[in-house]
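S.K.: Below is a structure I'd like to ask you about.
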Amino acid sequence: MKLDYSNMIRLKLLRELKNGKYAACARLPRETVLAEELEISRNHLRDVLAQLEREGFITRIHGVGTIINRHVLKVNYRMDIEIEFFDIIRQNGYQPGISMIHIQEMQADSEVAEKLQVPESTEVICVSRVCTADGKPAIYCEDILKKNLVKEAYEESDFEFPIFHFLKKRCYVDSYLDLTEIHPVLADEEISKLLEVSVGSPLLNMKEIDYDIDGNVIFYSRQYFVDAFFSHTVMRKNL
């Protein structure tokens, strides 16, 4: 619960930094003042500020204060911060939706078996979705997980939400972190039909493996982004 609550406060503070009370400020108030304004404890505030500093939105310097990094706040979408597809689409200025959901129970081929760290022919569930931006196909995604990970019966409506909701509700697991490979690819015939682009159109392909807090693989995801809808930014800083 602490993580959920802290994230809620983090999002609230981000809104205040971008468009609210602190939108015209170069620095945040002192911790005692800020905690009082947000109506939270200083311990919770320190957790939130530490997260925002790791993400580059603020910089805390002893004796100077908490500097607001406006140049970072202005970025619409950061690839280095895990957010759901609908939020990615919103942050790029479009209204999100889903035009297709397909669920298939199948056997793992060599690629899926390697990514999920299971033997070939292991039973898996593949959930395919097309997410839209202002009604036009923008993202095609395949989420693949071991069938025996599922603890409760499921139905198609379970997958109208991001896969993380299904994992929590039906599998009792949470994604702690992911490792993602990024590749430029050209749309083949199948992908071009799903995303309504010409064969050979450039796409950004992400191959993501999600792990729980113990380092166990939860699922493997193949994602394809239509270039016209997105501006992808990665923040890197010296540690």
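Starting from 1 in every chain, residues are counted up; chains themselves are A, B, ... following the order of the structure tokens, and ligands are numbered from 1 as listed.
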Using only C-alpha atoms, which residues sit within 10 Å of A:Glu156 once same-chain residues fewer than 5 positions away are excluded, as a ChimeraX atom specification?
M.R.: /A:101-103,127
S.K.: Mind listing the alpha helix (DSSP H) residues of stretch 61-175 of chain A, per DSSP on the backbone, as a ChimeraX atom specification?
M.R.: /A:70-73,85-91,110-116,163-166
S.K.: Give me, as a Markdown table, the closest atom pair and its distance (Å, one decimal) for every residue of stretch 76-156 of chain A within a cut-off of 10 Å of stretch 174-192 of chain A, counting only C-alpha atoms, rows sorted by chain and rising number.
M.R.:
| residue | atom | partner | partner_atom | distance |
| --- | --- | --- | --- | --- |
| A:Asp80 | CA | A:Thr180 | CA | 9.9 |
| A:Glu82 | CA | A:Asp178 | CA | 8.7 |
| A:Tyr140 | CA | A:Ile191 | CA | 7.9 |
S.K.: Filtering to N, CA and C atoms, could you give me those residues as an mmCIF file, in the first residue's frame?
M.R.:
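Saved file part_23.cif follows:
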data_model
loop_
_atom_site.group_PDB
_atom_site.id
_atom_site.type_symbol
_atom_site.label_atom_id
_atom_site.label_comp_id
_atom_site.auth_asym_id
_atom_site.auth_seq_id
_atom_site.Cartn_x
_atom_site.Cartn_y
_atom_site.Cartn_z
ATOM 1 N N ASP A 80 12.418 5.774 -20.675
ATOM 2 C CA ASP A 80 13.082 5.199 -19.517
ATOM 3 C C ASP A 80 12.185 5.158 -18.292
ATOM 4 N N GLU A 82 8.564 3.639 -16.928
ATOM 5 C CA GLU A 82 7.537 2.660 -17.274
ATOM 6 C C GLU A 82 6.147 3.269 -17.114
ATOM 7 N N TYR A 140 0.838 -1.950 -31.754
ATOM 8 C CA TYR A 140 0.462 -3.369 -31.732
ATOM 9 C C TYR A 140 1.341 -4.067 -30.722
#
S.K.: I want to know what sits within 10 Å of A:Lys169, based on only C-alpha atoms, with residues of the same chain fewer than 6 positions away left out; could you give that as an MDAnalysis selection string?
M.R.: chainID A and resid 150:152 154 158 163
S.K.: Output as a ChimeraX atom specification all residues of stretch 60-239 of chain A that backbone DSSP marks as strand (DSSP E or B).
M.R.: /A:60-61,65-68,78,96-107,123-133,136-146,177-186,202-211,217-226,233
S.K.: Only C-alpha atoms, please: the residues just picked out, written as a PDB file, in the first residue's frame.
M.R.:
ATOM      1  CA  ARG A  60      18.447  18.159  -4.601  1.00  0.00           C
ATOM      2  CA  ILE A  61      21.625  19.993  -3.575  1.00  0.00           C
ATOM      3  CA  GLY A  65      17.499  23.251  -2.084  1.00  0.00           C
ATOM      4  CA  THR A  66      15.389  21.268  -4.524  1.00  0.00           C
ATOM      5  CA  ILE A  67      15.842  22.536  -8.084  1.00  0.00           C
ATOM      6  CA  ILE A  68      13.040  21.901 -10.591  1.00  0.00           C
ATOM      7  CA  ARG A  78      10.103   9.205 -21.615  1.00  0.00           C
ATOM      8  CA  PRO A  96      -6.347   6.417 -26.647  1.00  0.00           C
ATOM      9  CA  GLY A  97      -8.516   3.418 -27.428  1.00  0.00           C
ATOM     10  CA  ILE A  98      -8.413  -0.289 -28.333  1.00  0.00           C
ATOM     11  CA  SER A  99      -9.550  -1.590 -31.719  1.00  0.00           C
ATOM     12  CA  MET A 100      -8.603  -5.260 -31.331  1.00  0.00           C
ATOM     13  CA  ILE A 101      -8.014  -7.830 -28.582  1.00  0.00           C
ATOM     14  CA  HIS A 102      -7.165 -11.442 -29.432  1.00  0.00           C
ATOM     15  CA  ILE A 103      -6.374 -14.169 -26.888  1.00  0.00           C
ATOM     16  CA  GLN A 104      -4.704 -17.391 -27.967  1.00  0.00           C
ATOM     17  CA  GLU A 105      -3.519 -20.387 -25.959  1.00  0.00           C
ATOM     18  CA  MET A 106      -0.530 -21.919 -27.729  1.00  0.00           C
ATOM     19  CA  GLN A 107       2.806 -23.664 -27.262  1.00  0.00           C
ATOM     20  CA  GLU A 123       1.699 -23.919 -22.787  1.00  0.00           C
ATOM     21  CA  VAL A 124       1.465 -20.131 -22.922  1.00  0.00           C
ATOM     22  CA  ILE A 125      -1.191 -17.454 -23.375  1.00  0.00           C
ATOM     23  CA  CYS A 126      -0.629 -14.768 -26.006  1.00  0.00           C
ATOM     24  CA  VAL A 127      -2.701 -11.595 -25.713  1.00  0.00           C
ATOM     25  CA  SER A 128      -2.597  -9.391 -28.827  1.00  0.00           C
ATOM     26  CA  ARG A 129      -3.890  -5.823 -28.813  1.00  0.00           C
ATOM     27  CA  VAL A 130      -4.049  -2.859 -31.170  1.00  0.00           C
ATOM     28  CA  CYS A 131      -4.128   0.452 -29.321  1.00  0.00           C
ATOM     29  CA  THR A 132      -5.366   3.498 -31.210  1.00  0.00           C
ATOM     30  CA  ALA A 133      -4.563   7.214 -31.149  1.00  0.00           C
ATOM     31  CA  LYS A 136      -6.098   5.241 -35.765  1.00  0.00           C
ATOM     32  CA  PRO A 137      -3.890   2.174 -35.037  1.00  0.00           C
ATOM     33  CA  ALA A 138      -0.768   3.329 -33.216  1.00  0.00           C
ATOM     34  CA  ILE A 139       0.612   0.389 -31.176  1.00  0.00           C
ATOM     35  CA  TYR A 140       0.462  -3.369 -31.732  1.00  0.00           C
ATOM     36  CA  CYS A 141       1.458  -5.491 -28.760  1.00  0.00           C
ATOM     37  CA  GLU A 142       1.738  -9.202 -27.978  1.00  0.00           C
ATOM     38  CA  ASP A 143       1.985 -10.103 -24.271  1.00  0.00           C
ATOM     39  CA  ILE A 144       2.980 -13.722 -23.681  1.00  0.00           C
ATOM     40  CA  LEU A 145       2.922 -15.500 -20.309  1.00  0.00           C
ATOM     41  CA  LYS A 146       3.033 -19.069 -19.035  1.00  0.00           C
ATOM     42  CA  LEU A 177      11.216  -4.226 -13.441  1.00  0.00           C
ATOM     43  CA  ASP A 178      11.716  -4.956 -17.115  1.00  0.00           C
ATOM     44  CA  LEU A 179      14.604  -5.221 -19.544  1.00  0.00           C
ATOM     45  CA  THR A 180      13.777  -4.022 -23.042  1.00  0.00           C
ATOM     46  CA  GLU A 181      15.600  -4.380 -26.342  1.00  0.00           C
ATOM     47  CA  ILE A 182      14.830  -1.659 -28.898  1.00  0.00           C
ATOM     48  CA  HIS A 183      15.045  -2.271 -32.648  1.00  0.00           C
ATOM     49  CA  PRO A 184      14.046  -0.381 -35.809  1.00  0.00           C
ATOM     50  CA  VAL A 185      12.045  -2.715 -38.054  1.00  0.00           C
ATOM     51  CA  LEU A 186      10.064  -2.575 -41.281  1.00  0.00           C
ATOM     52  CA  PRO A 202       9.410   2.006 -40.386  1.00  0.00           C
ATOM     53  CA  LEU A 203       8.309   0.900 -36.909  1.00  0.00           C
ATOM     54  CA  LEU A 204       9.913   0.957 -33.494  1.00  0.00           C
ATOM     55  CA  ASN A 205      10.013  -2.582 -32.076  1.00  0.00           C
ATOM     56  CA  MET A 206      10.466  -3.200 -28.345  1.00  0.00           C
ATOM     57  CA  LYS A 207      11.072  -6.669 -26.925  1.00  0.00           C
ATOM     58  CA  GLU A 208      10.395  -6.518 -23.203  1.00  0.00           C
ATOM     59  CA  ILE A 209      10.893  -9.110 -20.470  1.00  0.00           C
ATOM     60  CA  ASP A 210       9.253  -8.365 -17.115  1.00  0.00           C
ATOM     61  CA  TYR A 211      10.483  -9.790 -13.807  1.00  0.00           C
ATOM     62  CA  VAL A 217      10.310 -13.926 -15.500  1.00  0.00           C
ATOM     63  CA  ILE A 218       6.630 -12.957 -15.535  1.00  0.00           C
ATOM     64  CA  PHE A 219       5.934 -12.266 -19.195  1.00  0.00           C
ATOM     65  CA  TYR A 220       7.461 -11.448 -22.574  1.00  0.00           C
ATOM     66  CA  SER A 221       6.118  -8.612 -24.704  1.00  0.00           C
ATOM     67  CA  ARG A 222       6.605  -7.699 -28.381  1.00  0.00           C
ATOM     68  CA  GLN A 223       5.561  -4.134 -29.160  1.00  0.00           C
ATOM     69  CA  TYR A 224       5.388  -2.178 -32.413  1.00  0.00           C
ATOM     70  CA  PHE A 225       4.968   1.613 -32.484  1.00  0.00           C
ATOM     71  CA  VAL A 226       3.879   3.593 -35.554  1.00  0.00           C
ATOM     72  CA  THR A 233      13.014  10.403 -25.459  1.00  0.00           C
TER      73      THR A 233
END
S.K.: Which of these, A:Phe229, A:Cys171, A:Asp134, A:Val199, has the shortest distance to A:Asn76 once you count only C-alpha atoms?
M.R.: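 When distances to A:Asn76 are compared using only C-alpha atoms, the smallest one comes from A:Phe229.
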S.K.: Tell me, in Å to one decimal, how far atom CA of A:Leu73 is from atom CA of A:Leu17.
M.R.: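 Between these atoms lies a distance of 8.0 Å.
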S.K.: Any idea what's packed within 12 Å of A:Thr32, counting only C-alpha atoms, ignoring anything in its chain fewer than 6 positions away? Could you give it as a PDB file with N, CA and C atoms, in the first residue's frame?
M.R.:
ATOM      1  N   LEU A  38       1.238  19.441   0.911  1.00  0.00           N
ATOM      2  CA  LEU A  38       0.735  18.204   0.300  1.00  0.00           C
ATOM      3  C   LEU A  38      -0.048  17.339   1.278  1.00  0.00           C
ATOM      4  N   GLU A  39      -0.026  17.738   2.557  1.00  0.00           N
ATOM      5  CA  GLU A  39      -0.740  17.031   3.627  1.00  0.00           C
ATOM      6  C   GLU A  39      -0.259  15.591   3.750  1.00  0.00           C
ATOM      7  N   ILE A  40       1.062  15.431   3.768  1.00  0.00           N
ATOM      8  CA  ILE A  40       1.673  14.115   3.948  1.00  0.00           C
ATOM      9  C   ILE A  40       2.804  14.241   4.965  1.00  0.00           C
ATOM     10  N   SER A  41       3.296  13.088   5.433  1.00  0.00           N
ATOM     11  CA  SER A  41       4.408  13.093   6.380  1.00  0.00           C
ATOM     12  C   SER A  41       5.711  13.393   5.648  1.00  0.00           C
ATOM     13  N   ARG A  42       6.714  13.812   6.394  1.00  0.00           N
ATOM     14  CA  ARG A  42       8.012  14.091   5.776  1.00  0.00           C
ATOM     15  C   ARG A  42       8.657  12.809   5.266  1.00  0.00           C
ATOM     16  N   ASN A  43       8.388  11.673   5.932  1.00  0.00           N
ATOM     17  CA  ASN A  43       8.930  10.393   5.446  1.00  0.00           C
ATOM     18  C   ASN A  43       8.367  10.050   4.064  1.00  0.00           C
ATOM     19  N   HIS A  44       7.057  10.225   3.902  1.00  0.00           N
ATOM     20  CA  HIS A  44       6.465   9.978   2.590  1.00  0.00           C
ATOM     21  C   HIS A  44       7.009  10.959   1.563  1.00  0.00           C
ATOM     22  N   LEU A  45       7.157  12.210   1.971  1.00  0.00           N
ATOM     23  CA  LEU A  45       7.676  13.214   1.056  1.00  0.00           C
ATOM     24  C   LEU A  45       9.079  12.859   0.584  1.00  0.00           C
ATOM     25  N   ARG A  46       9.934  12.410   1.500  1.00  0.00           N
ATOM     26  CA  ARG A  46      11.301  12.056   1.122  1.00  0.00           C
ATOM     27  C   ARG A  46      11.310  10.900   0.119  1.00  0.00           C
TER      28      ARG A  46
END
S.K.: Could you jot down the atom CA of A:Pro162 to atom CA of A:Ser198 separation for me, Å, one decimal place?
M.R.: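 These atoms are spaced 27.3 Å apart.
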S.K.: A:Val173, A:Ala113, A:Pro29, A:Arg15: which is nearest A:Asp214, counting only C-alpha atoms?
M.R.: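 Of A:Val173, A:Ala113, A:Pro29, A:Arg15, the one nearest A:Asp214 is A:Val173, counting only C-alpha atoms.
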S.K.: Smallest atom-to-atom distance to A:Asn92: which of A:Asn69, A:Ser231, A:Asn238, A:Asn7, using only C-alpha atoms?
M.R.: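 Closest to A:Asn92, using only C-alpha atoms: A:Ser231.
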S.K.: Any idea what the distance is between atom CA of A:Val112 and atom CA of A:Ser201?
M.R.: 25.1 Å
